[in-house]
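The data block below is model_5.cif; it holds mmCIF, C-alpha atoms and all ligand atoms.
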```cif
data_structure
loop_
_atom_site.label_atom_id
_atom_site.label_comp_id
_atom_site.auth_asym_id
_atom_site.auth_seq_id
_atom_site.Cartn_x
_atom_site.Cartn_y
_atom_site.Cartn_z
CA MET Y 589 -6.49 13.15 19.24
CA LYS Y 590 -3.07 11.90 20.36
CA VAL Y 591 -1.86 8.65 18.82
CA ASN Y 592 0.48 6.62 21.04
CA LYS Y 593 0.05 3.05 19.93
CA VAL Y 594 -0.43 1.90 16.34
CA GLY Y 595 -1.68 -1.44 15.05
CA VAL Y 596 -0.81 -2.71 11.58
CA LEU Y 597 -2.79 -5.55 10.05
CA GLY Y 598 -0.69 -7.47 7.53
CA ALA Y 599 3.08 -7.76 7.31
CA GLY Y 600 3.42 -8.05 3.55
CA LEU Y 601 5.30 -5.56 1.40
CA MET Y 602 3.12 -2.62 2.46
CA GLY Y 603 2.26 -3.67 6.03
CA SER Y 604 5.88 -4.29 6.98
CA GLY Y 605 6.91 -0.94 5.48
CA ILE Y 606 4.14 0.88 7.37
CA ALA Y 607 5.05 -0.86 10.65
CA GLU Y 608 8.72 0.03 10.14
CA VAL Y 609 7.98 3.70 9.52
CA CYS Y 610 5.67 3.90 12.58
CA ALA Y 611 8.23 2.29 14.90
CA LYS Y 612 11.03 4.47 13.47
CA SER Y 613 8.90 7.51 14.30
CA GLY Y 614 8.64 6.47 17.95
CA TYR Y 615 5.22 4.79 18.00
CA GLU Y 616 4.68 1.59 19.90
CA THR Y 617 3.63 -0.64 16.98
CA VAL Y 618 1.84 -3.99 16.98
CA VAL Y 619 1.98 -5.82 13.65
CA ARG Y 620 -0.34 -8.76 13.06
CA GLU Y 621 -0.17 -11.52 10.44
CA VAL Y 622 -2.33 -14.59 10.01
CA SER Y 623 0.49 -17.14 10.49
CA GLY Y 624 3.80 -17.35 12.31
CA GLU Y 625 5.55 -18.02 9.01
CA LEU Y 626 4.21 -14.87 7.32
CA LEU Y 627 4.94 -12.87 10.46
CA GLU Y 628 8.54 -14.04 10.49
CA LYS Y 629 8.89 -13.09 6.83
CA GLY Y 630 7.49 -9.61 7.51
CA ILE Y 631 9.73 -9.01 10.52
CA GLY Y 632 12.70 -10.18 8.42
CA ARG Y 633 11.76 -7.62 5.77
CA ILE Y 634 11.64 -4.86 8.40
CA ALA Y 635 15.01 -5.92 9.83
CA ALA Y 636 16.58 -5.90 6.34
CA SER Y 637 15.16 -2.46 5.56
CA LEU Y 638 16.35 -1.01 8.88
CA ALA Y 639 19.81 -2.47 8.21
CA LYS Y 640 19.78 -0.88 4.73
CA ALA Y 641 18.77 2.49 6.23
CA VAL Y 642 21.70 2.27 8.69
CA GLU Y 643 24.06 1.26 5.88
CA ARG Y 644 22.88 4.25 3.78
CA GLY Y 645 23.42 6.65 6.71
CA LYS Y 646 19.65 7.38 6.94
CA LEU Y 647 19.37 5.98 10.47
CA SER Y 648 21.76 5.50 13.41
CA GLY Y 649 22.35 2.04 14.88
CA ALA Y 650 20.75 3.22 18.14
CA ALA Y 651 17.62 4.51 16.33
CA SER Y 652 17.33 1.19 14.51
CA GLU Y 653 17.54 -0.68 17.84
CA ALA Y 654 14.94 1.68 19.35
CA ALA Y 655 12.58 0.98 16.42
CA ARG Y 656 13.03 -2.77 16.84
CA ALA Y 657 12.21 -2.45 20.55
CA LEU Y 658 8.95 -0.60 19.76
CA LEU Y 659 7.75 -3.36 17.40
CA LYS Y 660 5.60 -6.18 18.65
CA ALA Y 661 4.65 -9.07 16.35
CA THR Y 662 1.52 -11.14 16.84
CA THR Y 663 -0.91 -13.47 15.08
CA ARG Y 664 -3.80 -12.46 17.38
CA VAL Y 665 -6.20 -9.63 16.49
CA GLN Y 666 -6.93 -9.25 20.25
CA ASP Y 667 -3.39 -7.94 20.76
CA LEU Y 668 -4.42 -4.74 18.95
CA ALA Y 669 -6.89 -3.92 21.74
CA GLY Y 670 -4.91 -0.98 23.15
CA CYS Y 671 -4.19 0.71 19.80
CA ASP Y 672 -5.31 4.31 19.16
CA LEU Y 673 -4.95 3.87 15.42
CA VAL Y 674 -5.09 0.70 13.31
CA ILE Y 675 -3.88 0.59 9.70
CA GLU Y 676 -5.07 -2.37 7.65
CA ALA Y 677 -2.78 -3.58 4.85
CA VAL Y 678 -3.97 -7.11 4.08
CA VAL Y 679 -4.71 -8.68 0.69
CA GLU Y 680 -6.79 -6.52 -1.70
CA ASN Y 681 -9.99 -8.49 -1.13
CA LEU Y 682 -13.19 -6.82 0.01
CA GLY Y 683 -14.57 -9.81 1.93
CA ALA Y 684 -11.32 -10.44 3.82
CA LYS Y 685 -10.95 -6.77 4.78
CA LYS Y 686 -14.57 -6.41 5.91
CA ALA Y 687 -14.40 -9.54 8.07
CA LEU Y 688 -11.20 -8.29 9.70
CA PHE Y 689 -12.62 -4.82 10.40
CA ALA Y 690 -15.77 -6.32 11.93
CA GLU Y 691 -13.59 -8.45 14.24
CA LEU Y 692 -11.40 -5.48 15.13
CA ASP Y 693 -14.42 -3.30 15.86
CA ALA Y 694 -15.33 -5.57 18.78
CA VAL Y 695 -11.74 -5.62 20.08
CA CYS Y 696 -10.68 -1.94 20.02
CA ALA Y 697 -11.85 1.01 22.12
CA ASP Y 698 -14.64 3.16 20.63
CA SER Y 699 -12.20 6.07 20.36
CA ALA Y 700 -9.74 4.16 18.13
CA ILE Y 701 -9.40 5.28 14.50
CA PHE Y 702 -9.39 2.62 11.76
CA CYS Y 703 -7.70 3.12 8.39
CA SER Y 704 -7.26 1.04 5.30
CA ASN Y 705 -4.22 1.13 3.03
CA THR Y 706 -6.35 -0.18 0.16
CA SER Y 707 -5.31 1.12 -3.26
CA SER Y 708 -8.65 0.77 -4.98
CA LEU Y 709 -11.49 -0.48 -2.79
CA THR Y 710 -14.08 1.96 -1.53
CA ILE Y 711 -13.36 3.14 2.02
CA THR Y 712 -17.08 3.74 2.69
CA GLU Y 713 -17.82 0.07 2.07
CA LEU Y 714 -15.08 -1.02 4.51
CA ALA Y 715 -16.27 1.50 7.12
CA ALA Y 716 -19.77 0.00 6.89
CA ALA Y 717 -18.41 -3.19 8.48
CA THR Y 718 -17.82 -1.22 11.71
CA ARG Y 719 -19.76 0.98 14.15
CA ARG Y 720 -17.34 3.88 13.68
CA PRO Y 721 -17.75 5.39 10.17
CA ASP Y 722 -16.78 8.82 11.59
CA ARG Y 723 -13.46 7.37 12.83
CA PHE Y 724 -12.70 5.54 9.61
CA ALA Y 725 -10.61 6.77 6.64
CA GLY Y 726 -8.13 5.71 3.99
CA LEU Y 727 -4.40 6.05 4.68
CA HIS Y 728 -2.67 5.04 1.48
CA PHE Y 729 1.12 4.61 1.47
CA PHE Y 730 3.42 4.05 -1.50
CA ASN Y 731 5.98 1.37 -2.21
CA PRO Y 732 8.74 1.38 -0.93
CA VAL Y 733 7.07 2.83 2.17
CA PRO Y 734 10.27 3.90 3.99
CA VAL Y 735 11.38 5.89 0.94
CA MET Y 736 8.26 7.32 -0.72
CA LYS Y 737 7.19 10.65 0.76
CA LEU Y 738 3.48 10.58 -0.08
CA VAL Y 739 0.50 9.43 1.97
CA GLU Y 740 -3.04 9.85 0.64
CA VAL Y 741 -5.53 10.61 3.42
CA VAL Y 742 -8.92 9.53 2.10
CA ARG Y 743 -12.07 11.10 3.43
CA THR Y 744 -15.50 9.49 3.09
CA ILE Y 745 -18.76 11.41 3.47
CA ALA Y 746 -18.90 10.09 7.05
CA THR Y 747 -15.30 10.74 8.23
CA SER Y 748 -15.16 13.42 10.95
CA ASP Y 749 -12.98 16.55 10.79
CA GLU Y 750 -11.20 15.42 13.95
CA THR Y 751 -10.26 12.08 12.36
CA ILE Y 752 -8.87 13.84 9.28
CA GLU Y 753 -6.86 16.31 11.42
CA THR Y 754 -5.46 13.43 13.48
CA LEU Y 755 -4.44 11.53 10.34
CA LEU Y 756 -2.84 14.54 8.65
CA ASP Y 757 -0.78 15.16 11.82
CA PHE Y 758 0.04 11.47 12.11
CA ALA Y 759 1.25 11.28 8.48
CA ARG Y 760 3.47 14.35 9.05
CA SER Y 761 4.84 12.80 12.24
CA LEU Y 762 6.05 9.88 10.08
CA GLY Y 763 8.01 12.33 7.94
CA LYS Y 764 5.48 11.99 5.09
CA GLU Y 765 3.62 14.60 3.04
CA PRO Y 766 -0.12 13.96 3.16
CA VAL Y 767 -2.57 14.86 0.40
CA LEU Y 768 -6.31 14.77 0.93
CA ALA Y 769 -8.39 12.70 -1.49
CA LYS Y 770 -12.06 11.91 -1.94
CA ASP Y 771 -13.22 8.30 -1.57
CA ASN Y 772 -13.25 7.49 -5.28
CA SER Y 773 -11.68 4.18 -6.33
CA GLY Y 774 -7.94 4.72 -6.90
CA PHE Y 775 -8.01 8.10 -5.12
CA ILE Y 776 -5.60 10.53 -6.80
CA VAL Y 777 -2.46 8.57 -7.64
CA ASN Y 778 -3.82 5.23 -8.84
CA ARG Y 779 -6.56 6.91 -10.83
CA LEU Y 780 -3.79 8.45 -12.92
CA LEU Y 781 -1.09 5.79 -12.57
CA VAL Y 782 -3.08 2.62 -13.31
CA PRO Y 783 -4.34 3.63 -16.81
CA TYR Y 784 -0.75 4.68 -17.63
CA LEU Y 785 0.69 1.32 -16.53
CA LEU Y 786 -2.02 -0.59 -18.42
CA ASP Y 787 -1.31 1.47 -21.52
CA ALA Y 788 2.37 0.54 -21.30
CA VAL Y 789 1.36 -3.15 -21.42
CA ARG Y 790 -0.84 -2.42 -24.45
CA ALA Y 791 2.07 -0.60 -26.11
CA LEU Y 792 4.26 -3.67 -25.57
CA GLU Y 793 1.48 -5.96 -26.83
CA GLU Y 794 1.14 -3.84 -29.98
CA GLY Y 795 4.90 -3.82 -30.59
CA VAL Y 796 5.27 -0.06 -30.23
CA GLY Y 797 8.70 -0.67 -28.69
CA SER Y 798 10.75 -3.27 -26.85
CA ARG Y 799 10.35 -3.55 -23.06
CA GLU Y 800 13.70 -1.79 -22.62
CA ASP Y 801 12.84 1.02 -25.02
CA ILE Y 802 9.39 1.62 -23.50
CA ASP Y 803 11.01 1.92 -20.06
CA ARG Y 804 13.95 3.99 -21.27
CA GLY Y 805 11.55 6.29 -23.09
CA MET Y 806 9.72 7.23 -19.90
CA GLU Y 807 12.86 7.30 -17.75
CA LEU Y 808 14.87 9.56 -20.04
CA GLY Y 809 12.02 11.36 -21.77
CA CYS Y 810 9.98 12.18 -18.68
CA GLY Y 811 12.46 11.81 -15.83
CA HIS Y 812 10.58 8.94 -14.17
CA PRO Y 813 12.80 6.93 -11.77
CA MET Y 814 11.50 3.69 -13.32
CA GLY Y 815 9.85 3.00 -16.65
CA PRO Y 816 6.29 1.56 -16.52
CA LEU Y 817 7.18 -2.10 -17.11
CA LYS Y 818 9.88 -2.01 -14.41
CA LEU Y 819 7.39 -0.30 -12.12
CA LEU Y 820 4.79 -2.99 -12.84
CA ASP Y 821 7.34 -5.66 -11.86
CA PHE Y 822 8.11 -3.63 -8.73
CA VAL Y 823 4.48 -3.16 -7.63
CA GLY Y 824 3.53 -6.72 -8.66
CA LEU Y 825 1.57 -7.75 -11.74
CA ASP Y 826 -0.95 -9.68 -9.62
CA THR Y 827 -1.52 -6.62 -7.42
CA THR Y 828 -1.90 -4.31 -10.41
CA TYR Y 829 -4.27 -6.76 -12.08
CA ALA Y 830 -6.44 -6.89 -8.93
CA ILE Y 831 -6.46 -3.09 -8.65
CA ALA Y 832 -7.36 -2.68 -12.35
CA GLU Y 833 -10.24 -5.17 -12.03
CA ILE Y 834 -11.65 -3.29 -9.03
CA MET Y 835 -11.31 0.10 -10.77
CA PHE Y 836 -12.85 -1.27 -13.98
CA ALA Y 837 -15.80 -2.68 -12.04
CA GLU Y 838 -16.25 0.69 -10.35
CA TYR Y 839 -15.93 3.04 -13.35
CA ARG Y 840 -16.78 0.73 -16.31
CA GLU Y 841 -14.23 2.66 -18.34
CA LYS Y 842 -11.96 0.99 -20.87
CA ARG Y 843 -8.86 2.75 -19.59
CA PHE Y 844 -9.04 0.68 -16.37
CA ALA Y 845 -9.54 -2.67 -18.16
CA PRO Y 846 -6.56 -5.00 -17.65
CA PRO Y 847 -5.09 -5.95 -21.05
CA PRO Y 848 -4.98 -9.67 -22.03
CA LEU Y 849 -1.18 -9.81 -21.78
CA LEU Y 850 -1.30 -8.73 -18.13
CA LYS Y 851 -3.87 -11.42 -17.36
CA ARG Y 852 -1.82 -14.08 -19.10
CA MET Y 853 1.33 -13.11 -17.23
CA VAL Y 854 -0.51 -13.32 -13.91
CA LEU Y 855 -1.97 -16.72 -14.91
CA ALA Y 856 1.56 -17.90 -15.74
CA GLY Y 857 2.77 -16.82 -12.28
CA ARG Y 858 4.90 -13.99 -13.63
CA TYR Y 859 4.13 -11.54 -10.84
CA GLY Y 860 7.28 -9.44 -11.17
CA ARG Y 861 10.12 -9.14 -8.67
CA LYS Y 862 8.32 -11.12 -5.98
CA SER Y 863 8.16 -14.27 -8.14
CA GLY Y 864 11.52 -13.79 -9.86
CA ARG Y 865 9.98 -13.00 -13.24
CA GLY Y 866 7.65 -10.44 -14.73
CA PHE Y 867 8.49 -8.31 -17.75
CA TYR Y 868 12.12 -8.84 -16.66
CA GLU Y 869 13.93 -11.69 -14.93
CA TYR Y 870 15.33 -11.32 -11.40
CA GLY Y 871 17.99 -13.38 -9.67
CA SER Y 872 17.15 -14.68 -6.19
N1 LIG O 901 15.15 2.97 4.43
C1 LIG O 901 15.36 4.29 4.29
N2 LIG O 901 15.86 4.85 3.16
C2 LIG O 901 16.17 4.04 2.14
C3 LIG O 901 15.97 2.64 2.22
C4 LIG O 901 15.43 2.12 3.42
N3 LIG O 901 15.20 0.82 3.58
N4 LIG O 901 16.34 2.09 1.05
C5 LIG O 901 16.76 3.08 0.26
N5 LIG O 901 16.67 4.27 0.92
C6 LIG O 901 16.99 5.60 0.39
C7 LIG O 901 18.40 5.66 -0.15
O1 LIG O 901 19.32 5.98 0.86
C8 LIG O 901 18.28 6.75 -1.18
O2 LIG O 901 18.29 8.02 -0.56
P1 LIG O 901 19.04 9.30 -1.23
O3 LIG O 901 18.36 9.51 -2.55
O4 LIG O 901 18.82 10.39 -0.24
O5 LIG O 901 20.45 8.85 -1.35
C9 LIG O 901 16.88 6.55 -1.76
O6 LIG O 901 16.15 5.86 -0.74
C10 LIG O 901 16.87 5.74 -3.04
O7 LIG O 901 17.42 4.46 -2.77
P2 LIG O 901 18.37 3.61 -3.75
O8 LIG O 901 19.54 4.45 -4.16
O9 LIG O 901 18.66 2.30 -3.12
O10 LIG O 901 17.47 3.26 -4.94
P3 LIG O 901 17.16 4.00 -6.29
O11 LIG O 901 17.79 5.33 -6.39
O12 LIG O 901 17.46 2.96 -7.32
O13 LIG O 901 15.59 4.20 -6.16
C11 LIG O 901 13.31 3.67 -5.87
C12 LIG O 901 14.72 3.15 -5.85
C13 LIG O 901 13.09 4.62 -4.70
C14 LIG O 901 12.40 2.46 -5.72
C15 LIG O 901 13.07 4.45 -7.22
O14 LIG O 901 13.41 3.62 -8.28
C16 LIG O 901 11.66 4.92 -7.38
O15 LIG O 901 11.26 5.94 -6.84
N6 LIG O 901 10.84 4.13 -8.16
C17 LIG O 901 9.44 4.44 -8.36
C18 LIG O 901 8.65 3.92 -7.19
C19 LIG O 901 7.20 4.22 -7.31
O16 LIG O 901 6.70 4.81 -8.24
N7 LIG O 901 6.44 3.79 -6.28
C20 LIG O 901 5.03 3.93 -6.25
C21 LIG O 901 4.43 2.67 -6.75
S1 LIG O 901 2.69 2.78 -6.81
C22 LIG O 901 2.16 2.40 -5.28
O17 LIG O 901 2.90 2.04 -4.40
C23 LIG O 901 0.71 2.59 -5.04
C24 LIG O 901 -0.15 1.47 -5.28
O18 LIG O 901 -1.22 1.47 -4.67
C25 LIG O 901 0.09 0.40 -6.24
#
```
Representation of the structure as structure tokens:
Amino acid sequence: MKVNKVGVLGAGLMGSGIAEVCAKSGYETVVREVSGELLEKGIGRIAASLAKAVERGKLSGAASEAARALLKATTRVQDLAGCDLVIEAVVENLGAKKALFAELDAVCADSAIFCSNTSSLTITELAAATRRPDRFAGLHFFNPVPVMKLVEVVRTIATSDETIETLLDFARSLGKEPVLAKDNSGFIVNRLLVPYLLDAVRALEEGVGSREDIDRGMELGCGHPMGPLKLLDFVGLDTTYAIAEIMFAEYREKRFAPPPLLKRMVLAGRYGRKSGRGFYEYGS
């Protein structure tokens, strides 16, 4: 199936990155947020990232302008009616996602493919909110979306071969490398990454090392671009906590249980970079 027009639900950190990458790759892209204020914030994030790409010599000024021209911002779900593919990237909440997919199902053509960028919820459960389980899959991007090469294409027991082929081609057309994963909570990357990040918090809690030494250990000892505590601040402690809770509920395994320190930091509003403070402090 040929994808011409893409819809993106949510213009947060992930949604704005996904919309940017789609528009940069020549797709007409409609991005939807719940309020004008959040939409403006998301569009601002895309503009800043495009400007950074131009500054870094990754994109020409003309290509940046062309991407901007392909982007349409809206607060109305109805404006996604003509989309061939819709990627949902709203808050990691099952009820909110299901309600949105049910609404979208009535708006879009039967042929349209729906995807979720969820990190940990079960795709099958989201697909059940629609009448198109064969045209429903996971399409999981990584933060920062314009930079990270990977996309996980998640297949449920109901996803059709044609949908998977379309999504693999689509991911490649964005300049990404797709990997195929089964619909198990966390897919491939978060199943491995989340227990590692939670263990880093436990190591800090137990005084194994200072925050700097834990991070430096993994950066210099394993060649990771960021140590685990820096990465937690980058991804968001609230987001990681929500993902860990979902994975723990699914697997009932201790390695997915969020440690008390993580919970306390979230309760104290220390979400990481987005709130100015997490394991480290950030200037505005
Ligand atoms: N558009 C296009 N390219 C950009 C860009 C933009 N807006 N911003 C930066 N770049 C490019 C730069 O030009 C640079 O390219 P080269 O290497 O070719 O020169 C590259 O991206 C790196 O940029 P910077 O030099 O600004 O930054 P850095 O070297 O300090 O790296 C980082 C920053 C990419 C974030 C790096 O620290 C990193 O890879 N960190 C780990 C990120 C990670 O693990 N993400 C996954 C999180 S988990 C997740 O997302 C899943 C989930 O469900 C929770």
- Selection: 7 Å around Ala700 in chain Y, only C-alpha atoms, excl. self and same-chain fewer than 3 positions, as JSON, numbers by chain: {"Y": [671, 672, 673, 696, 697]}
Using C-alpha atoms, can you export the residues from the last selection as a PDB file, keeping the file's coordinate frame?
```pdb
ATOM      1  CA  CYS Y 671      -4.190   0.710  19.800  1.00  0.00           C
ATOM      2  CA  ASP Y 672      -5.310   4.310  19.160  1.00  0.00           C
ATOM      3  CA  LEU Y 673      -4.950   3.870  15.420  1.00  0.00           C
ATOM      4  CA  CYS Y 696     -10.680  -1.940  20.020  1.00  0.00           C
ATOM      5  CA  ALA Y 697     -11.850   1.010  22.120  1.00  0.00           C
TER       6      ALA Y 697
END
```
Write out as a PDB file with C-alpha atoms, in the coordinates of the input each polymer residue whose atoms come within 6 Å of range 614-623 of chain Y, counting only C-alpha atoms; drop sequence neighbours fewer than 3 positions from it.
```pdb
ATOM      1  CA  ASN Y 592       0.480   6.620  21.040  1.00  0.00           C
ATOM      2  CA  LYS Y 593       0.050   3.050  19.930  1.00  0.00           C
ATOM      3  CA  VAL Y 594      -0.430   1.900  16.340  1.00  0.00           C
ATOM      4  CA  GLY Y 595      -1.680  -1.440  15.050  1.00  0.00           C
ATOM      5  CA  VAL Y 596      -0.810  -2.710  11.580  1.00  0.00           C
ATOM      6  CA  LEU Y 597      -2.790  -5.550  10.050  1.00  0.00           C
ATOM      7  CA  GLY Y 598      -0.690  -7.470   7.530  1.00  0.00           C
ATOM      8  CA  ALA Y 599       3.080  -7.760   7.310  1.00  0.00           C
ATOM      9  CA  CYS Y 610       5.670   3.900  12.580  1.00  0.00           C
ATOM     10  CA  ALA Y 611       8.230   2.290  14.900  1.00  0.00           C
ATOM     11  CA  LEU Y 626       4.210 -14.870   7.320  1.00  0.00           C
ATOM     12  CA  LEU Y 627       4.940 -12.870  10.460  1.00  0.00           C
ATOM     13  CA  LEU Y 658       8.950  -0.600  19.760  1.00  0.00           C
ATOM     14  CA  LEU Y 659       7.750  -3.360  17.400  1.00  0.00           C
ATOM     15  CA  LYS Y 660       5.600  -6.180  18.650  1.00  0.00           C
ATOM     16  CA  ALA Y 661       4.650  -9.070  16.350  1.00  0.00           C
ATOM     17  CA  THR Y 662       1.520 -11.140  16.840  1.00  0.00           C
ATOM     18  CA  THR Y 663      -0.910 -13.470  15.080  1.00  0.00           C
TER      19      THR Y 663
END
```
- Query: What do you get as number ranges by chain if you pick all residues at most 10 Å from ligand LIG 901 (chain O), counting all atoms listed in the file?
  - Reply: Y: 601-602, 605, 608-609, 633-647, 705-708, 728-740, 774-775, 777-779, 781-782, 812-816, 818-820, 822-825, 827-828, 831
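Between CA of Lys770 in chain Y and CA of Val742 in chain Y lies a distance of 5.6 Å.
Summary of the local environment: counting all atoms listed in the file, residues at most 12 Å from Asp787 in chain Y, other than itself and those fewer than 2 positions away along its chain, are Leu780, Leu781, Val782, Pro783, Tyr784, Leu785, Val789, Arg790, Ala791, Leu792, Glu793, Glu794, Val796, Ile802, Pro816, Leu817, Leu820, Ala832, Lys842, Arg843, Phe844, Ala845, Pro846, Pro847, Pro848, Leu849 and Leu850 of chain Y.
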- Task: In Å, rounded to a single decimal, give me how far CA of Ala725 in chain Y is from CA of Leu755 in chain Y.
- Result: 8.6 Å
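Restricting the calculation to all atoms listed in the file, the smallest distance between Asp722 in chain Y and any of Y:Thr751, Y:Tyr859, Y:Asp826, Y:Leu709 is found for Y:Thr751.
For the pair CA of Gly763 in chain Y and CA of Ser613 in chain Y, the separation is 8.0 Å.
Ranking Y:Cys703, Y:Leu688, Y:Val695, Y:Val767 by their shortest atom-to-atom distance to Gln666 in chain Y, with all atoms listed in the file included, puts Y:Val695 first.
Residues with any atom within 9 Å of Lys686 in chain Y, counting only C-alpha atoms and excluding same-chain neighbours fewer than 3 positions away, are Y:Asn681, Y:Leu682, Y:Gly683, Y:Phe689, Y:Ala690, Y:Glu691, Y:Glu713, Y:Leu714, Y:Ala715, Y:Ala716, Y:Ala717, Y:Thr718.
You can rank Y:Gly600, Y:Val674, Y:Ala651, Y:Ser748 by their closest distance to Glu628 in chain Y using all atoms listed in the file, and at the top of that list sits Y:Gly600.
For the choices Y:Gly809, Y:Ala694, Y:Ala830, Y:Gly624, the atom-to-atom distance to Arg664 in chain Y is smallest for Y:Gly624 when using only C-alpha atoms.
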